[in-house]
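*Asks:* Below is a structure I'd like to ask you about.
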Amino acid sequence: MNPHRRLISVVLPSFNEAQGIQRAVTTIAAILQLPGYDCEFVVVDDGSRDDTFGRAVELTDKGLPVRAVRLSRNFGKEAAILAGLLNATGDAVVTIDADLQHPPQLIPAMINAWEGGAQIVHGVKRDRGNESWMATLRARVINTLLTKLGGVDVRSSSDFKLLDRIAVNAIKELPERKRFYRGLAGWIGFRQVTLLFDVADRQHGHSGWSVRSLLGLALTATVSFTSLPLRIVSVLGIFTFLFGLGVGSDALHSWIRGEAISGFVTIIITLLLIGSFIMISLGIIGEYIAKIYDEIKQRPVFIIDSVHEYQTRPLASLAGSVVDIAPVITAVSQRDASGS
């Protein structure tokens, strides 16, 4: 690498992306042939069942600066992103999905914002593409709840971001193991801006996100950024106390008036209500205890099986590539240090 040129690292967390990983890297590499910049790619194979790692290694034979990292099993996207950040050496790091639903044409605009003083550039979804209405509703509900409860704005957010080296180092040094990258990128502060983009159609395969994995990510994000759900336990306790006062007052009033008290229905409703509140409270407390349990075990976030390093050489194979690099940016807004 030329010491007078700035290095941009591109992290691509990948799971079963053998069909599209080479297209993704070559497309982004053509876009990043910018004056004054070099680029490298960190492809993290998150325990794929296909030959994602092998296809990434093949790219080095084409003269592409690809560092291929294979994890020992599927640890999840959050772990794969962290593995990519730890293996990236650039002055700035771009995290982008390997399926190219995040438009790589936006990267030059991200770099311009970075050169203009932004230390974190967030790609925020303006349009979610051909996503089903159910998936859109689910994402909006989860993101809104996380924003309201956690105090970090993740509405329509994505993992498509550019981070300055100082921001990358800040995220790397955080000790927690169960991570929520979108939230952490906003939480660490620094100067942040937002770029809007439209989600592109997926070219190969299908999304690896299931309802279960999304709910798991939502729970991780919630317990990582706020203790507000624990206060719900106190609210339920107060409500139960007030309900008990009401039921007790009614029973006492009936007894003073000498009226017959039919307590069967009242007892059943009271037991069901109190039992429900107890189970909800135990569930909330249990999630936080599970979070503490995962943290104190101090197991690594991921385990690397192998790493294939690239040899620095010019990107001659991309000469003549034609790529539309017209920015798809529609708006830029300054974020405050809290990321809200």
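So you can find residues: chains in the structure tokens are A, B, ... in the order shown, residues in each start at 1, and ligands are numbered from 1 in order.
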Any idea what's packed within 12 Å of Ala113 (chain A), counting only C-alpha atoms, ignoring anything in its chain fewer than 4 positions away? Could you give it as a PyMOL selection string?
*Replies:* chain A and resi 92+106-109+117-123+161-164+191-195+329+331-334
*Asks:* Residues as selected, N, CA, C and O atoms, written as a compact mmCIF listing (two decimals), in the first residue's frame, can you do that?
*Replies:*
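Okay, selection_9.txt is ready:
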# COMPACT_ATOMS: atom_id res chain seq x y z
N ALA A 92 -10.31 3.93 7.71
CA ALA A 92 -11.75 3.90 7.90
C ALA A 92 -12.24 2.51 7.52
O ALA A 92 -11.63 1.84 6.68
N LEU A 106 -23.13 3.97 -2.53
CA LEU A 106 -23.18 5.00 -1.50
C LEU A 106 -21.83 5.20 -0.80
O LEU A 106 -21.62 6.19 -0.12
N ILE A 107 -20.92 4.24 -0.97
CA ILE A 107 -19.65 4.31 -0.24
C ILE A 107 -18.86 5.58 -0.55
O ILE A 107 -18.30 6.20 0.37
N PRO A 108 -18.74 6.02 -1.82
CA PRO A 108 -18.03 7.29 -2.05
C PRO A 108 -18.63 8.46 -1.29
O PRO A 108 -17.90 9.32 -0.80
N ALA A 109 -19.97 8.50 -1.16
CA ALA A 109 -20.60 9.57 -0.40
C ALA A 109 -20.26 9.44 1.08
O ALA A 109 -20.08 10.45 1.78
N GLY A 117 -15.29 15.39 8.12
CA GLY A 117 -15.23 15.49 9.57
C GLY A 117 -16.05 14.48 10.33
O GLY A 117 -15.92 14.36 11.55
N ALA A 118 -16.93 13.75 9.66
CA ALA A 118 -17.73 12.74 10.35
C ALA A 118 -16.85 11.55 10.73
O ALA A 118 -16.02 11.11 9.93
N GLN A 119 -17.04 11.06 11.94
CA GLN A 119 -16.28 9.89 12.38
C GLN A 119 -17.09 8.60 12.29
O GLN A 119 -16.54 7.51 12.32
N ILE A 120 -18.40 8.74 12.21
CA ILE A 120 -19.29 7.60 11.97
C ILE A 120 -20.34 8.05 10.97
O ILE A 120 -20.99 9.07 11.15
N VAL A 121 -20.50 7.27 9.91
CA VAL A 121 -21.51 7.55 8.89
C VAL A 121 -22.49 6.37 8.88
O VAL A 121 -22.10 5.24 8.60
N HIS A 122 -23.74 6.65 9.22
CA HIS A 122 -24.76 5.61 9.29
C HIS A 122 -25.54 5.54 7.98
O HIS A 122 -26.03 6.56 7.49
N GLY A 123 -25.67 4.35 7.44
CA GLY A 123 -26.59 4.13 6.34
C GLY A 123 -27.95 3.79 6.91
O GLY A 123 -28.10 2.80 7.62
N LYS A 161 -22.39 0.90 7.52
CA LYS A 161 -21.81 2.06 8.18
C LYS A 161 -20.37 2.26 7.74
O LYS A 161 -19.71 1.31 7.28
N LEU A 162 -19.89 3.46 7.92
CA LEU A 162 -18.46 3.76 7.81
C LEU A 162 -18.00 4.30 9.16
O LEU A 162 -18.62 5.22 9.71
N LEU A 163 -16.92 3.71 9.68
CA LEU A 163 -16.37 4.12 10.97
C LEU A 163 -14.93 4.56 10.81
O LEU A 163 -14.13 3.87 10.16
N ASP A 164 -14.62 5.70 11.38
CA ASP A 164 -13.24 6.15 11.45
C ASP A 164 -12.45 5.20 12.35
O ASP A 164 -13.03 4.50 13.20
N ARG A 191 -18.54 12.32 16.17
CA ARG A 191 -19.32 13.08 15.19
C ARG A 191 -19.97 12.10 14.21
O ARG A 191 -19.27 11.34 13.54
N GLN A 192 -21.30 12.17 14.11
CA GLN A 192 -22.05 11.19 13.33
C GLN A 192 -22.97 11.88 12.34
O GLN A 192 -23.54 12.92 12.64
N VAL A 193 -23.08 11.30 11.15
CA VAL A 193 -24.03 11.77 10.15
C VAL A 193 -24.80 10.57 9.61
O VAL A 193 -24.40 9.41 9.79
N THR A 194 -25.89 10.88 8.94
CA THR A 194 -26.78 9.84 8.41
C THR A 194 -26.95 10.02 6.90
O THR A 194 -27.17 11.14 6.43
N LEU A 195 -26.86 8.93 6.17
CA LEU A 195 -27.16 8.93 4.73
C LEU A 195 -28.31 7.96 4.49
O LEU A 195 -28.30 6.84 5.02
N ILE A 329 -27.48 8.81 -2.46
CA ILE A 329 -27.78 9.60 -1.27
C ILE A 329 -28.98 10.51 -1.54
O ILE A 329 -29.10 11.11 -2.59
N ALA A 331 -30.36 12.30 1.47
CA ALA A 331 -30.35 13.29 2.54
C ALA A 331 -29.17 13.06 3.43
O ALA A 331 -28.69 11.95 3.58
N VAL A 332 -28.69 14.13 4.04
CA VAL A 332 -27.62 14.05 5.02
C VAL A 332 -28.08 14.84 6.23
O VAL A 332 -28.51 15.98 6.09
N SER A 333 -28.01 14.24 7.40
CA SER A 333 -28.41 14.96 8.60
C SER A 333 -27.37 14.74 9.68
O SER A 333 -26.84 13.65 9.84
N GLN A 334 -27.06 15.80 10.42
CA GLN A 334 -26.05 15.72 11.49
C GLN A 334 -26.67 15.06 12.71
O GLN A 334 -27.79 15.36 13.10
*Asks:* Can you tell me, as a VMD selection string, what residues are no more than 10 Å from Ser9 (chain A) when counting only C-alpha atoms, ignoring any on the same chain fewer than 3 positions away?
*Replies:* chain A and resid 6 12 38 to 42 65 to 66 84 to 85 87 to 95 162 to 163
*Asks:* State, in Å with one decimal place, the distance from CA of Phe15 (chain A) to CA of Ser48 (chain A).
*Replies:*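 Computing it gives 4.9 Å between the two atoms.
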*Asks:* Select, from A:Met110, A:Thr27, A:Pro175, A:Gly237, the residue with the minimum atom-to-atom distance to Arg299 (chain A), counting only C-alpha atoms.
*Replies:*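 That would be A:Pro175, the residue with the smallest distance to Arg299 (chain A).
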*Asks:* Using only C-alpha atoms, which of the listed residues (A:Pro104, A:Pro13, A:Gly116, A:Gly20) sits closest to Val43 (chain A)?
*Replies:* A:Pro13
*Asks:* Could you check which of A:Ile232, A:Ser254, A:Leu7, A:Phe75 is closest to Ile278 (chain A), using only C-alpha atoms?
*Replies:*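 Selected residue with least distance to Ile278 (chain A): A:Ile232.
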*Asks:* Which residue is closest to Arg5 (chain A)? Choose from A:Ser306, A:Arg231, A:Ser157, A:Gly36 and count only C-alpha atoms.
*Replies:*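 Looking only at the distances to Arg5 (chain A), the closest residue turns out to be A:Gly36.
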*Asks:* Which residues are near Glu58 (chain A)? Cut-off 12 Å, only C-alpha atoms, ignore same chain within fewer than 3 positions. Put them as a PDB file with N, CA, C and O atoms, in the first residue's frame.
*Replies:*
ATOM      1  N   ALA A  18     -21.627 -18.147  -1.157  1.00  0.00           N
ATOM      2  CA  ALA A  18     -20.698 -18.603  -2.201  1.00  0.00           C
ATOM      3  C   ALA A  18     -21.105 -18.102  -3.578  1.00  0.00           C
ATOM      4  O   ALA A  18     -20.252 -17.810  -4.420  1.00  0.00           O
ATOM      5  N   ILE A  21     -20.422 -13.802  -3.329  1.00  0.00           N
ATOM      6  CA  ILE A  21     -19.347 -13.084  -2.654  1.00  0.00           C
ATOM      7  C   ILE A  21     -18.351 -12.491  -3.644  1.00  0.00           C
ATOM      8  O   ILE A  21     -17.857 -11.365  -3.446  1.00  0.00           O
ATOM      9  N   GLN A  22     -18.049 -13.188  -4.718  1.00  0.00           N
ATOM     10  CA  GLN A  22     -17.094 -12.650  -5.688  1.00  0.00           C
ATOM     11  C   GLN A  22     -17.678 -11.445  -6.413  1.00  0.00           C
ATOM     12  O   GLN A  22     -16.974 -10.447  -6.648  1.00  0.00           O
ATOM     13  N   VAL A  25     -17.487  -8.425  -3.970  1.00  0.00           N
ATOM     14  CA  VAL A  25     -16.153  -7.848  -3.783  1.00  0.00           C
ATOM     15  C   VAL A  25     -15.702  -7.104  -5.036  1.00  0.00           C
ATOM     16  O   VAL A  25     -15.181  -5.981  -4.948  1.00  0.00           O
ATOM     17  N   THR A  26     -15.880  -7.700  -6.208  1.00  0.00           N
ATOM     18  CA  THR A  26     -15.422  -7.035  -7.434  1.00  0.00           C
ATOM     19  C   THR A  26     -16.216  -5.762  -7.712  1.00  0.00           C
ATOM     20  O   THR A  26     -15.662  -4.767  -8.193  1.00  0.00           O
ATOM     21  N   VAL A  43     -13.431 -10.530   4.354  1.00  0.00           N
ATOM     22  CA  VAL A  43     -14.597 -11.394   4.200  1.00  0.00           C
ATOM     23  C   VAL A  43     -14.608 -12.376   5.362  1.00  0.00           C
ATOM     24  O   VAL A  43     -13.681 -13.176   5.522  1.00  0.00           O
ATOM     25  N   ASP A  51     -19.200 -23.079   0.022  1.00  0.00           N
ATOM     26  CA  ASP A  51     -17.776 -22.765  -0.149  1.00  0.00           C
ATOM     27  C   ASP A  51     -17.534 -21.256  -0.173  1.00  0.00           C
ATOM     28  O   ASP A  51     -16.755 -20.765  -1.001  1.00  0.00           O
ATOM     29  N   THR A  52     -18.171 -20.532   0.721  1.00  0.00           N
ATOM     30  CA  THR A  52     -17.970 -19.083   0.787  1.00  0.00           C
ATOM     31  C   THR A  52     -16.502 -18.748   1.006  1.00  0.00           C
ATOM     32  O   THR A  52     -15.944 -17.855   0.337  1.00  0.00           O
ATOM     33  N   PHE A  53     -15.855 -19.434   1.928  1.00  0.00           N
ATOM     34  CA  PHE A  53     -14.460 -19.144   2.233  1.00  0.00           C
ATOM     35  C   PHE A  53     -13.573 -19.413   1.016  1.00  0.00           C
ATOM     36  O   PHE A  53     -12.704 -18.597   0.670  1.00  0.00           O
ATOM     37  N   GLY A  54     -13.778 -20.526   0.348  1.00  0.00           N
ATOM     38  CA  GLY A  54     -12.974 -20.861  -0.822  1.00  0.00           C
ATOM     39  C   GLY A  54     -13.140 -19.858  -1.944  1.00  0.00           C
ATOM     40  O   GLY A  54     -12.159 -19.484  -2.600  1.00  0.00           O
ATOM     41  N   ARG A  55     -14.365 -19.393  -2.156  1.00  0.00           N
ATOM     42  CA  ARG A  55     -14.595 -18.405  -3.209  1.00  0.00           C
ATOM     43  C   ARG A  55     -13.949 -17.067  -2.856  1.00  0.00           C
ATOM     44  O   ARG A  55     -13.480 -16.347  -3.742  1.00  0.00           O
ATOM     45  N   ASP A  61      -6.279 -14.510  -6.106  1.00  0.00           N
ATOM     46  CA  ASP A  61      -5.612 -14.879  -7.355  1.00  0.00           C
ATOM     47  C   ASP A  61      -5.927 -13.895  -8.474  1.00  0.00           C
ATOM     48  O   ASP A  61      -5.220 -13.860  -9.492  1.00  0.00           O
ATOM     49  N   LYS A  62      -6.969 -13.110  -8.299  1.00  0.00           N
ATOM     50  CA  LYS A  62      -7.336 -12.107  -9.297  1.00  0.00           C
ATOM     51  C   LYS A  62      -6.731 -10.745  -8.978  1.00  0.00           C
ATOM     52  O   LYS A  62      -7.063  -9.753  -9.613  1.00  0.00           O
ATOM     53  N   GLY A  63      -5.861 -10.720  -7.978  1.00  0.00           N
ATOM     54  CA  GLY A  63      -5.205  -9.472  -7.627  1.00  0.00           C
ATOM     55  C   GLY A  63      -5.977  -8.605  -6.668  1.00  0.00           C
ATOM     56  O   GLY A  63      -5.637  -7.433  -6.479  1.00  0.00           O
ATOM     57  N   LEU A  64      -7.016  -9.156  -6.063  1.00  0.00           N
ATOM     58  CA  LEU A  64      -7.830  -8.376  -5.140  1.00  0.00           C
ATOM     59  C   LEU A  64      -7.308  -8.517  -3.708  1.00  0.00           C
ATOM     60  O   LEU A  64      -6.974  -9.626  -3.270  1.00  0.00           O
ATOM     61  N   PRO A  65      -7.224  -7.433  -2.965  1.00  0.00           N
ATOM     62  CA  PRO A  65      -6.716  -7.483  -1.586  1.00  0.00           C
ATOM     63  C   PRO A  65      -7.786  -7.983  -0.620  1.00  0.00           C
ATOM     64  O   PRO A  65      -8.437  -7.200   0.073  1.00  0.00           O
ATOM     65  N   VAL A  66      -7.955  -9.279  -0.561  1.00  0.00           N
ATOM     66  CA  VAL A  66      -8.999  -9.889   0.261  1.00  0.00           C
ATOM     67  C   VAL A  66      -8.366 -10.674   1.399  1.00  0.00           C
ATOM     68  O   VAL A  66      -7.539 -11.565   1.158  1.00  0.00           O
ATOM     69  N   ARG A  67      -8.727 -10.340   2.604  1.00  0.00           N
ATOM     70  CA  ARG A  67      -8.350 -11.130   3.777  1.00  0.00           C
ATOM     71  C   ARG A  67      -9.568 -11.976   4.146  1.00  0.00           C
ATOM     72  O   ARG A  67     -10.592 -11.450   4.568  1.00  0.00           O
ATOM     73  N   ALA A  68      -9.465 -13.283   3.960  1.00  0.00           N
ATOM     74  CA  ALA A  68     -10.584 -14.190   4.222  1.00  0.00           C
ATOM     75  C   ALA A  68     -10.433 -14.790   5.617  1.00  0.00           C
ATOM     76  O   ALA A  68      -9.391 -15.358   5.950  1.00  0.00           O
ATOM     77  N   HIS A 308      -6.833 -16.359   5.614  1.00  0.00           N
ATOM     78  CA  HIS A 308      -6.030 -16.332   4.389  1.00  0.00           C
ATOM     79  C   HIS A 308      -5.675 -14.886   4.100  1.00  0.00           C
ATOM     80  O   HIS A 308      -6.545 -14.051   3.842  1.00  0.00           O
ATOM     81  N   GLU A 309      -4.383 -14.557   4.152  1.00  0.00           N
ATOM     82  CA  GLU A 309      -3.920 -13.199   3.925  1.00  0.00           C
ATOM     83  C   GLU A 309      -3.691 -12.954   2.435  1.00  0.00           C
ATOM     84  O   GLU A 309      -3.384 -13.873   1.672  1.00  0.00           O
ATOM     85  N   TYR A 310      -3.825 -11.729   2.048  1.00  0.00           N
ATOM     86  CA  TYR A 310      -3.597 -11.354   0.647  1.00  0.00           C
ATOM     87  C   TYR A 310      -2.203 -10.766   0.477  1.00  0.00           C
ATOM     88  O   TYR A 310      -1.584 -10.300   1.427  1.00  0.00           O
TER      89      TYR A 310
END
*Asks:* Go through region 12-49 of chain A and flag each residue having an atom no more than 6 Å from region 69-73 of chain A; for those, report the closest pair of atoms plus their distance in Å to one decimal, using only C-alpha atoms, ordered by chain and rising number, as a Markdown table.
*Replies:*
| residue | atom | partner | partner_atom | distance |
| --- | --- | --- | --- | --- |
| A:Val44 | CA | A:Val69 | CA | 4.7 |
| A:Asp45 | CA | A:Arg70 | CA | 4.7 |
| A:Asp46 | CA | A:Leu71 | CA | 5.4 |
| A:Gly47 | CA | A:Arg73 | CA | 4.2 |
*Asks:* Distance CA of Leu34 (chain A)-CA of Ser14 (chain A), one decimal place?
*Replies:*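 CA of Ser14 (chain A) lies 25.2 Å from CA of Leu34 (chain A).
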